[in-house]
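Peer 1: File structure-v4.pdb below, PDB, C-alpha atoms:
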MODEL        1
ATOM      1  CA  MET A   1      -4.563 112.716 -99.621
ATOM      2  CA  ARG A   2      -6.884 109.761-100.230
ATOM      3  CA  ASP A   3     -10.398 109.550 -98.864
ATOM      4  CA  ILE A   4     -10.732 107.190 -95.903
ATOM      5  CA  CYS A   5     -13.431 106.299 -93.392
ATOM      6  CA  VAL A   6     -12.532 105.957 -89.725
ATOM      7  CA  ILE A   7     -14.682 103.348 -87.968
ATOM      8  CA  PHE A   8     -14.565 103.756 -84.197
ATOM      9  CA  ASP A   9     -15.459 101.260 -81.536
ATOM     10  CA  LEU A  10     -17.192 102.977 -78.616
ATOM     11  CA  ASP A  11     -16.693 101.342 -75.199
ATOM     12  CA  GLY A  12     -13.122 101.730 -74.018
ATOM     13  CA  THR A  13     -12.145 103.510 -77.238
ATOM     14  CA  LEU A  14     -14.133 106.761 -77.266
ATOM     15  CA  VAL A  15     -15.782 106.599 -73.828
ATOM     16  CA  ASP A  16     -14.288 105.425 -70.548
ATOM     17  CA  SER A  17     -17.029 102.884 -69.932
ATOM     18  CA  GLU A  18     -15.307  99.543 -69.349
ATOM     19  CA  ALA A  19     -15.010  99.984 -65.580
ATOM     20  CA  LEU A  20     -18.643 101.116 -65.325
ATOM     21  CA  CYS A  21     -19.983  98.210 -67.384
ATOM     22  CA  ASN A  22     -18.121  95.710 -65.233
ATOM     23  CA  GLN A  23     -18.917  97.487 -61.969
ATOM     24  CA  ALA A  24     -22.578  96.865 -62.815
ATOM     25  CA  PHE A  25     -21.923  93.101 -62.681
ATOM     26  CA  ILE A  26     -20.316  93.443 -59.251
ATOM     27  CA  ASP A  27     -23.162  95.631 -57.974
ATOM     28  CA  LEU A  28     -25.796  93.104 -59.033
ATOM     29  CA  LEU A  29     -23.949  89.856 -58.313
ATOM     30  CA  PRO A  30     -22.418  89.630 -54.820
ATOM     31  CA  ALA A  31     -21.305  86.064 -55.620
ATOM     32  CA  LEU A  32     -19.025  87.401 -58.365
ATOM     33  CA  ASP A  33     -15.898  87.740 -56.235
ATOM     34  CA  CYS A  34     -13.622  89.415 -58.747
ATOM     35  CA  PRO A  35     -11.976  92.874 -58.981
ATOM     36  CA  VAL A  36     -13.327  95.154 -61.681
ATOM     37  CA  GLU A  37      -9.872  95.361 -63.293
ATOM     38  CA  VAL A  38      -9.842  91.603 -63.832
ATOM     39  CA  LEU A  39     -13.337  91.667 -65.319
ATOM     40  CA  ILE A  40     -12.315  94.417 -67.732
ATOM     41  CA  GLN A  41      -9.473  92.320 -69.123
ATOM     42  CA  ARG A  42     -11.607  89.178 -69.214
ATOM     43  CA  TYR A  43     -14.658  90.665 -70.942
ATOM     44  CA  ARG A  44     -13.334  93.548 -73.045
ATOM     45  CA  GLY A  45     -15.202  93.610 -76.357
ATOM     46  CA  LYS A  46     -17.134  90.386 -75.690
ATOM     47  CA  LYS A  47     -20.786  89.778 -76.521
ATOM     48  CA  LEU A  48     -23.045  90.108 -73.455
ATOM     49  CA  SER A  49     -24.521  86.617 -73.825
ATOM     50  CA  THR A  50     -20.980  85.182 -73.823
ATOM     51  CA  ILE A  51     -20.138  87.172 -70.698
ATOM     52  CA  LEU A  52     -23.273  86.050 -68.869
ATOM     53  CA  ALA A  53     -22.571  82.408 -69.703
ATOM     54  CA  ASP A  54     -19.065  82.797 -68.272
ATOM     55  CA  ILE A  55     -20.421  84.448 -65.125
ATOM     56  CA  GLU A  56     -22.770  81.507 -64.610
ATOM     57  CA  ARG A  57     -19.792  79.143 -64.856
ATOM     58  CA  GLN A  58     -17.790  81.244 -62.400
ATOM     59  CA  THR A  59     -20.536  81.569 -59.805
ATOM     60  CA  GLY A  60     -22.166  78.168 -60.325
ATOM     61  CA  LYS A  61     -25.553  79.870 -60.471
ATOM     62  CA  ILE A  62     -28.057  80.312 -63.290
ATOM     63  CA  LEU A  63     -28.921  83.969 -63.799
ATOM     64  CA  PRO A  64     -32.646  84.859 -63.784
ATOM     65  CA  ASN A  65     -34.349  85.758 -67.052
ATOM     66  CA  THR A  66     -34.668  89.321 -65.783
ATOM     67  CA  PHE A  67     -30.934  89.796 -65.286
ATOM     68  CA  GLU A  68     -30.079  91.348 -68.651
ATOM     69  CA  ALA A  69     -32.732  94.044 -68.193
ATOM     70  CA  GLU A  70     -31.502  94.697 -64.645
ATOM     71  CA  TYR A  71     -27.928  94.897 -65.898
ATOM     72  CA  ARG A  72     -28.796  97.322 -68.699
ATOM     73  CA  LYS A  73     -30.655  99.516 -66.202
ATOM     74  CA  ARG A  74     -27.695  99.567 -63.804
ATOM     75  CA  VAL A  75     -25.246 100.429 -66.607
ATOM     76  CA  ALA A  76     -27.519 103.276 -67.715
ATOM     77  CA  GLU A  77     -27.557 104.625 -64.145
ATOM     78  CA  LEU A  78     -23.763 104.515 -63.908
ATOM     79  CA  PHE A  79     -23.374 106.123 -67.336
ATOM     80  CA  ALA A  80     -25.737 108.958 -66.428
ATOM     81  CA  ARG A  81     -23.769 109.635 -63.263
ATOM     82  CA  THR A  82     -20.110 109.342 -64.254
ATOM     83  CA  LEU A  83     -19.430 108.453 -67.911
ATOM     84  CA  LYS A  84     -16.682 110.549 -69.509
ATOM     85  CA  PRO A  85     -14.895 110.483 -72.870
ATOM     86  CA  ILE A  86     -11.474 108.868 -73.022
ATOM     87  CA  PRO A  87      -8.838 111.577 -72.386
ATOM     88  CA  GLY A  88      -7.884 113.334 -75.614
ATOM     89  CA  VAL A  89     -10.878 112.073 -77.620
ATOM     90  CA  ILE A  90     -12.633 115.430 -78.030
ATOM     91  CA  GLU A  91      -9.427 117.125 -79.156
ATOM     92  CA  MET A  92      -8.763 114.284 -81.597
ATOM     93  CA  LEU A  93     -12.284 114.442 -83.053
ATOM     94  CA  ASP A  94     -12.029 118.229 -83.407
ATOM     95  CA  ARG A  95      -8.975 117.732 -85.641
ATOM     96  CA  LEU A  96     -10.353 114.782 -87.597
ATOM     97  CA  SER A  97     -11.378 115.740 -91.142
ATOM     98  CA  HIS A  98     -12.106 112.240 -92.493
ATOM     99  CA  SER A  99     -15.500 110.527 -92.681
ATOM    100  CA  LYS A 100     -16.204 108.728 -89.419
ATOM    101  CA  CYS A 101     -18.755 106.465 -87.758
ATOM    102  CA  ILE A 102     -19.240 104.159 -84.798
ATOM    103  CA  ALA A 103     -19.534 100.370 -84.998
ATOM    104  CA  SER A 104     -20.275  98.968 -81.555
ATOM    105  CA  SER A 105     -21.363  95.641 -80.106
ATOM    106  CA  GLY A 106     -23.673  97.490 -77.728
ATOM    107  CA  PRO A 107     -27.405  98.006 -78.317
ATOM    108  CA  PRO A 108     -28.397 101.258 -80.055
ATOM    109  CA  GLU A 109     -29.971 102.825 -76.969
ATOM    110  CA  LYS A 110     -26.773 102.268 -74.969
ATOM    111  CA  ILE A 111     -24.677 103.784 -77.764
ATOM    112  CA  ARG A 112     -26.904 106.863 -77.973
ATOM    113  CA  GLN A 113     -26.891 107.400 -74.208
ATOM    114  CA  ALA A 114     -23.105 107.072 -74.030
ATOM    115  CA  LEU A 115     -22.632 109.623 -76.803
ATOM    116  CA  GLU A 116     -25.090 112.097 -75.280
ATOM    117  CA  VAL A 117     -23.724 111.840 -71.739
ATOM    118  CA  SER A 118     -20.092 112.098 -72.868
ATOM    119  CA  GLY A 119     -20.722 115.046 -75.190
ATOM    120  CA  LEU A 120     -19.771 113.144 -78.360
ATOM    121  CA  ALA A 121     -23.173 112.841 -80.057
ATOM    122  CA  SER A 122     -22.690 115.818 -82.378
ATOM    123  CA  TYR A 123     -19.538 114.285 -83.859
ATOM    124  CA  PHE A 124     -21.401 111.227 -85.176
ATOM    125  CA  GLU A 125     -25.107 112.151 -85.475
ATOM    126  CA  HIS A 126     -26.826 109.222 -87.279
ATOM    127  CA  ARG A 127     -23.582 107.459 -88.295
ATOM    128  CA  ILE A 128     -23.977 104.724 -85.671
ATOM    129  CA  PHE A 129     -23.967 100.976 -86.369
ATOM    130  CA  SER A 130     -24.820  98.330 -83.776
ATOM    131  CA  SER A 131     -24.320  94.575 -83.726
ATOM    132  CA  TYR A 132     -27.909  94.337 -82.488
ATOM    133  CA  ASP A 133     -29.182  95.862 -85.729
ATOM    134  CA  ILE A 134     -27.621  93.201 -87.955
ATOM    135  CA  GLY A 135     -27.207  90.222 -85.585
ATOM    136  CA  CYS A 136     -23.438  90.037 -86.006
ATOM    137  CA  TRP A 137     -20.804  90.370 -83.274
ATOM    138  CA  LYS A 138     -17.043  90.796 -83.307
ATOM    139  CA  PRO A 139     -14.705  88.987 -84.071
ATOM    140  CA  ASP A 140     -16.945  88.357 -87.082
ATOM    141  CA  PRO A 141     -16.113  91.159 -89.561
ATOM    142  CA  GLY A 142     -19.759  91.649 -90.554
ATOM    143  CA  LEU A 143     -20.383  94.775 -88.465
ATOM    144  CA  PHE A 144     -17.387  96.615 -89.900
ATOM    145  CA  LEU A 145     -18.249  95.554 -93.449
ATOM    146  CA  HIS A 146     -21.834  96.738 -92.910
ATOM    147  CA  ALA A 147     -20.610 100.093 -91.593
ATOM    148  CA  ALA A 148     -18.295 100.523 -94.587
ATOM    149  CA  ARG A 149     -21.105  99.801 -97.069
ATOM    150  CA  GLU A 150     -23.497 102.189 -95.353
ATOM    151  CA  MET A 151     -20.824 104.895 -95.322
ATOM    152  CA  GLY A 152     -20.055 104.332 -99.022
ATOM    153  CA  PHE A 153     -16.497 103.017 -98.649
ATOM    154  CA  GLU A 154     -14.626  99.889 -99.693
ATOM    155  CA  PRO A 155     -12.917  97.883 -96.908
ATOM    156  CA  GLY A 156      -9.491  98.963 -98.158
ATOM    157  CA  GLN A 157     -10.498 102.593 -97.601
ATOM    158  CA  CYS A 158     -11.398 102.023 -93.935
ATOM    159  CA  VAL A 159      -9.450 102.332 -90.709
ATOM    160  CA  VAL A 160     -10.806 100.670 -87.562
ATOM    161  CA  VAL A 161      -9.945 102.093 -84.131
ATOM    162  CA  GLU A 162     -10.480  99.483 -81.407
ATOM    163  CA  ASP A 163      -9.431  98.701 -77.864
ATOM    164  CA  SER A 164     -10.356  94.999 -77.804
ATOM    165  CA  GLU A 165      -8.668  91.946 -79.239
ATOM    166  CA  VAL A 166     -11.924  90.684 -80.772
ATOM    167  CA  GLY A 167     -12.373  94.060 -82.447
ATOM    168  CA  ILE A 168      -8.879  93.975 -83.926
ATOM    169  CA  GLN A 169      -9.517  90.424 -85.160
ATOM    170  CA  ALA A 170     -12.724  91.621 -86.832
ATOM    171  CA  ALA A 171     -10.939  94.545 -88.494
ATOM    172  CA  ILE A 172      -8.205  92.306 -89.873
ATOM    173  CA  ALA A 173     -10.775  89.785 -91.100
ATOM    174  CA  ALA A 174     -12.554  92.663 -92.867
ATOM    175  CA  GLU A 175      -9.232  93.567 -94.535
ATOM    176  CA  MET A 176      -9.238  97.018 -92.973
ATOM    177  CA  GLU A 177      -6.379  98.937 -91.386
ATOM    178  CA  ALA A 178      -6.464  98.176 -87.650
ATOM    179  CA  PHE A 179      -5.377 100.640 -84.953
ATOM    180  CA  HIS A 180      -5.279  99.085 -81.482
ATOM    181  CA  PHE A 181      -5.779 101.618 -78.670
ATOM    182  CA  MET A 182      -4.003 100.345 -75.570
ATOM    183  CA  PRO A 183      -3.904 102.833 -72.679
ATOM    184  CA  PRO A 184      -0.778 102.581 -70.509
ATOM    185  CA  ASN A 185      -2.541 100.448 -67.872
ATOM    186  CA  SER A 186      -3.976  97.908 -70.327
ATOM    187  CA  SER A 187      -2.630  94.586 -71.524
ATOM    188  CA  ALA A 188      -3.348  92.276 -74.444
ATOM    189  CA  SER A 189      -1.950  89.092 -75.910
ATOM    190  CA  LEU A 190      -2.837  90.116 -79.469
ATOM    191  CA  HIS A 191      -0.345  92.459 -81.086
ATOM    192  CA  GLU A 192      -1.645  92.665 -84.631
ATOM    193  CA  GLY A 193      -2.458  96.016 -86.121
ATOM    194  CA  THR A 194      -0.884  99.325 -85.159
ATOM    195  CA  VAL A 195      -0.735  99.836 -81.386
ATOM    196  CA  PHE A 196      -1.022 103.327 -79.903
ATOM    197  CA  HIS A 197      -1.373 104.495 -76.309
ATOM    198  CA  GLU A 198      -2.683 108.088 -76.390
ATOM    199  CA  MET A 199      -5.517 109.575 -78.424
ATOM    200  CA  SER A 200      -3.203 112.447 -79.349
ATOM    201  CA  GLN A 201      -1.214 109.949 -81.457
ATOM    202  CA  LEU A 202      -4.178 109.013 -83.637
ATOM    203  CA  THR A 203      -4.163 112.158 -85.772
ATOM    204  CA  GLU A 204      -0.655 111.466 -87.082
ATOM    205  CA  LEU A 205      -1.408 107.773 -87.641
ATOM    206  CA  LEU A 206      -4.458 108.619 -89.740
ATOM    207  CA  ALA A 207      -2.530 111.247 -91.691
ATOM    208  CA  ALA A 208       0.035 108.605 -92.634
ATOM    209  CA  VAL A 209      -2.686 106.231 -93.846
ATOM    210  CA  SER A 210      -4.417 108.863 -95.963
ATOM    211  CA  ALA A 211      -1.218 110.320 -97.438
TER     212      ALA A 211
ENDMDL
END
Using structure tokens, write down the structure from this file.

Peer 2:
Amino acid sequence: MRDICVIFDLDGTLVDSEALCNQAFIDLLPALDCPVEVLIQRYRGKKLSTILADIERQTGKILPNTFEAEYRKRVAELFARTLKPIPGVIEMLDRLSHSKCIASSGPPEKIRQALEVSGLASYFEHRIFSSYDIGCWKPDPGLFLHAAREMGFEPGQCVVVEDSEVGIQAAIAAEMEAFHFMPPNSSASLHEGTVFHEMSQLTELLAAVSA
């Protein structure tokens, strides 16, 4: 068995946060007349500044300078109230014997809150890497390459687990094995990497890579 490092995305991969993050937009922006399910597909994995620019185009209104802070506060409230891990994640992490870390586009404080609230913090401890720390967002491979270096692994020794198309693009650009988590109710136009639909499948996929 060869040594590998499993690099996990967070939102929509380990924690069921996509609906909450997009519900916060709807709560704060009555002019955004769009179902949360549509927003999830439209904004999955995207940088917040890119999302806010798109919202301004959709609504025809310039968002106030205070909006990002208001949005972060609303997301934190929703996380504290209802955030849960993706079904099967805890069981999968309990069986996982490889080195592992998180590489997320979210700010560090959001990552830490999500892990604490969902009960996943002890699985990762300090092994958390944020786009905000290095100024690099997916689909640029920089965040994954940074995580690999900090963890002491070469790109070819890393497996990325992602739910977003931009995340899969970043993993492929980093020359890492890409596992695309697509729950049964999700859709994507990108079909690169290895697609799986249940977290219970991940253990066998990782065993095949490390064999």

Peer 1: Looking at A:Ala121, A:Ala24, A:Leu52, A:Leu202, which one is nearest to Glu162 in chain A, with distances taken over only C-alpha atoms?

Peer 2: A:Leu202

Peer 1: Report as a PDB file with C-alpha atoms, in the coordinates of the input the residues that result from applying the PyMOL selection byres ((chain A and resi 63) around 12) to the structure here.

Peer 2:
ATOM      1  CA  PHE A  25     -21.923  93.101 -62.681  1.00  0.00           C
ATOM      2  CA  LEU A  28     -25.796  93.104 -59.033  1.00  0.00           C
ATOM      3  CA  LEU A  29     -23.949  89.856 -58.313  1.00  0.00           C
ATOM      4  CA  ALA A  31     -21.305  86.064 -55.620  1.00  0.00           C
ATOM      5  CA  LEU A  32     -19.025  87.401 -58.365  1.00  0.00           C
ATOM      6  CA  SER A  49     -24.521  86.617 -73.825  1.00  0.00           C
ATOM      7  CA  ILE A  51     -20.138  87.172 -70.698  1.00  0.00           C
ATOM      8  CA  LEU A  52     -23.273  86.050 -68.869  1.00  0.00           C
ATOM      9  CA  ALA A  53     -22.571  82.408 -69.703  1.00  0.00           C
ATOM     10  CA  ASP A  54     -19.065  82.797 -68.272  1.00  0.00           C
ATOM     11  CA  ILE A  55     -20.421  84.448 -65.125  1.00  0.00           C
ATOM     12  CA  GLU A  56     -22.770  81.507 -64.610  1.00  0.00           C
ATOM     13  CA  ARG A  57     -19.792  79.143 -64.856  1.00  0.00           C
ATOM     14  CA  GLN A  58     -17.790  81.244 -62.400  1.00  0.00           C
ATOM     15  CA  THR A  59     -20.536  81.569 -59.805  1.00  0.00           C
ATOM     16  CA  GLY A  60     -22.166  78.168 -60.325  1.00  0.00           C
ATOM     17  CA  LYS A  61     -25.553  79.870 -60.471  1.00  0.00           C
ATOM     18  CA  ILE A  62     -28.057  80.312 -63.290  1.00  0.00           C
ATOM     19  CA  PRO A  64     -32.646  84.859 -63.784  1.00  0.00           C
ATOM     20  CA  ASN A  65     -34.349  85.758 -67.052  1.00  0.00           C
ATOM     21  CA  THR A  66     -34.668  89.321 -65.783  1.00  0.00           C
ATOM     22  CA  PHE A  67     -30.934  89.796 -65.286  1.00  0.00           C
ATOM     23  CA  GLU A  68     -30.079  91.348 -68.651  1.00  0.00           C
ATOM     24  CA  ALA A  69     -32.732  94.044 -68.193  1.00  0.00           C
ATOM     25  CA  GLU A  70     -31.502  94.697 -64.645  1.00  0.00           C
ATOM     26  CA  TYR A  71     -27.928  94.897 -65.898  1.00  0.00           C
TER      27      TYR A  71
END

Peer 1: Return as a CSV table (one decimal) with C-alpha atoms, in the coordinates of the input the set of residues that the PyMOL selection byres ((chain A and resi 163) around 7) yields on the displayed structure.

Peer 2:
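See expr.csv below for the written result:
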chain,number,residue,atom,x,y,z
A,12,GLY,CA,-13.1,101.7,-74.0
A,13,THR,CA,-12.1,103.5,-77.2
A,162,GLU,CA,-10.5,99.5,-81.4
A,164,SER,CA,-10.4,95.0,-77.8
A,165,GLU,CA,-8.7,91.9,-79.2
A,180,HIS,CA,-5.3,99.1,-81.5
A,181,PHE,CA,-5.8,101.6,-78.7
A,182,MET,CA,-4.0,100.3,-75.6

Peer 1: Just the residues within 6 Å of range 140-142 of chain A, please, counting all atoms listed in the file, with nothing from its chain fewer than 4 positions along; format it as a PyMOL selection string.

Peer 2: chain A and resi 146+170+173-174

Peer 1: Have a look at CA of Ile102 in chain A and CA of Thr82 in chain A and let me know their distance in Å, one decimal.

Peer 2: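 Straight-line distance from CA of Ile102 in chain A to CA of Thr82 in chain A works out to 21.2 Å.
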
Peer 1: Leaving out Val117 in chain A and any residue of its chain fewer than 4 positions from it, which residues lie within 10 Å of it when counting only C-alpha atoms, given as a PyMOL selection string?

Peer 2: chain A and resi 15+79-85+112-113+121

Peer 1: Can you tell me, as number ranges by chain, what residues are no more than 9 Å from Arg2 in chain A when counting all atoms listed in the file, ignoring any on the same chain fewer than 5 positions away?

Peer 2: A: 157, 209-211

Peer 1: Which residues are close to Cys21 in chain A, i.e. within 12 Å by all atoms listed in the file, leaving aside same-chain residues fewer than 4 positions away? Reply as a ChimeraX atom specification.

Peer 2: /A:11-12,15-17,25-28,36-37,39-40,43-46,48,51,71-79,82-83,106,110,114
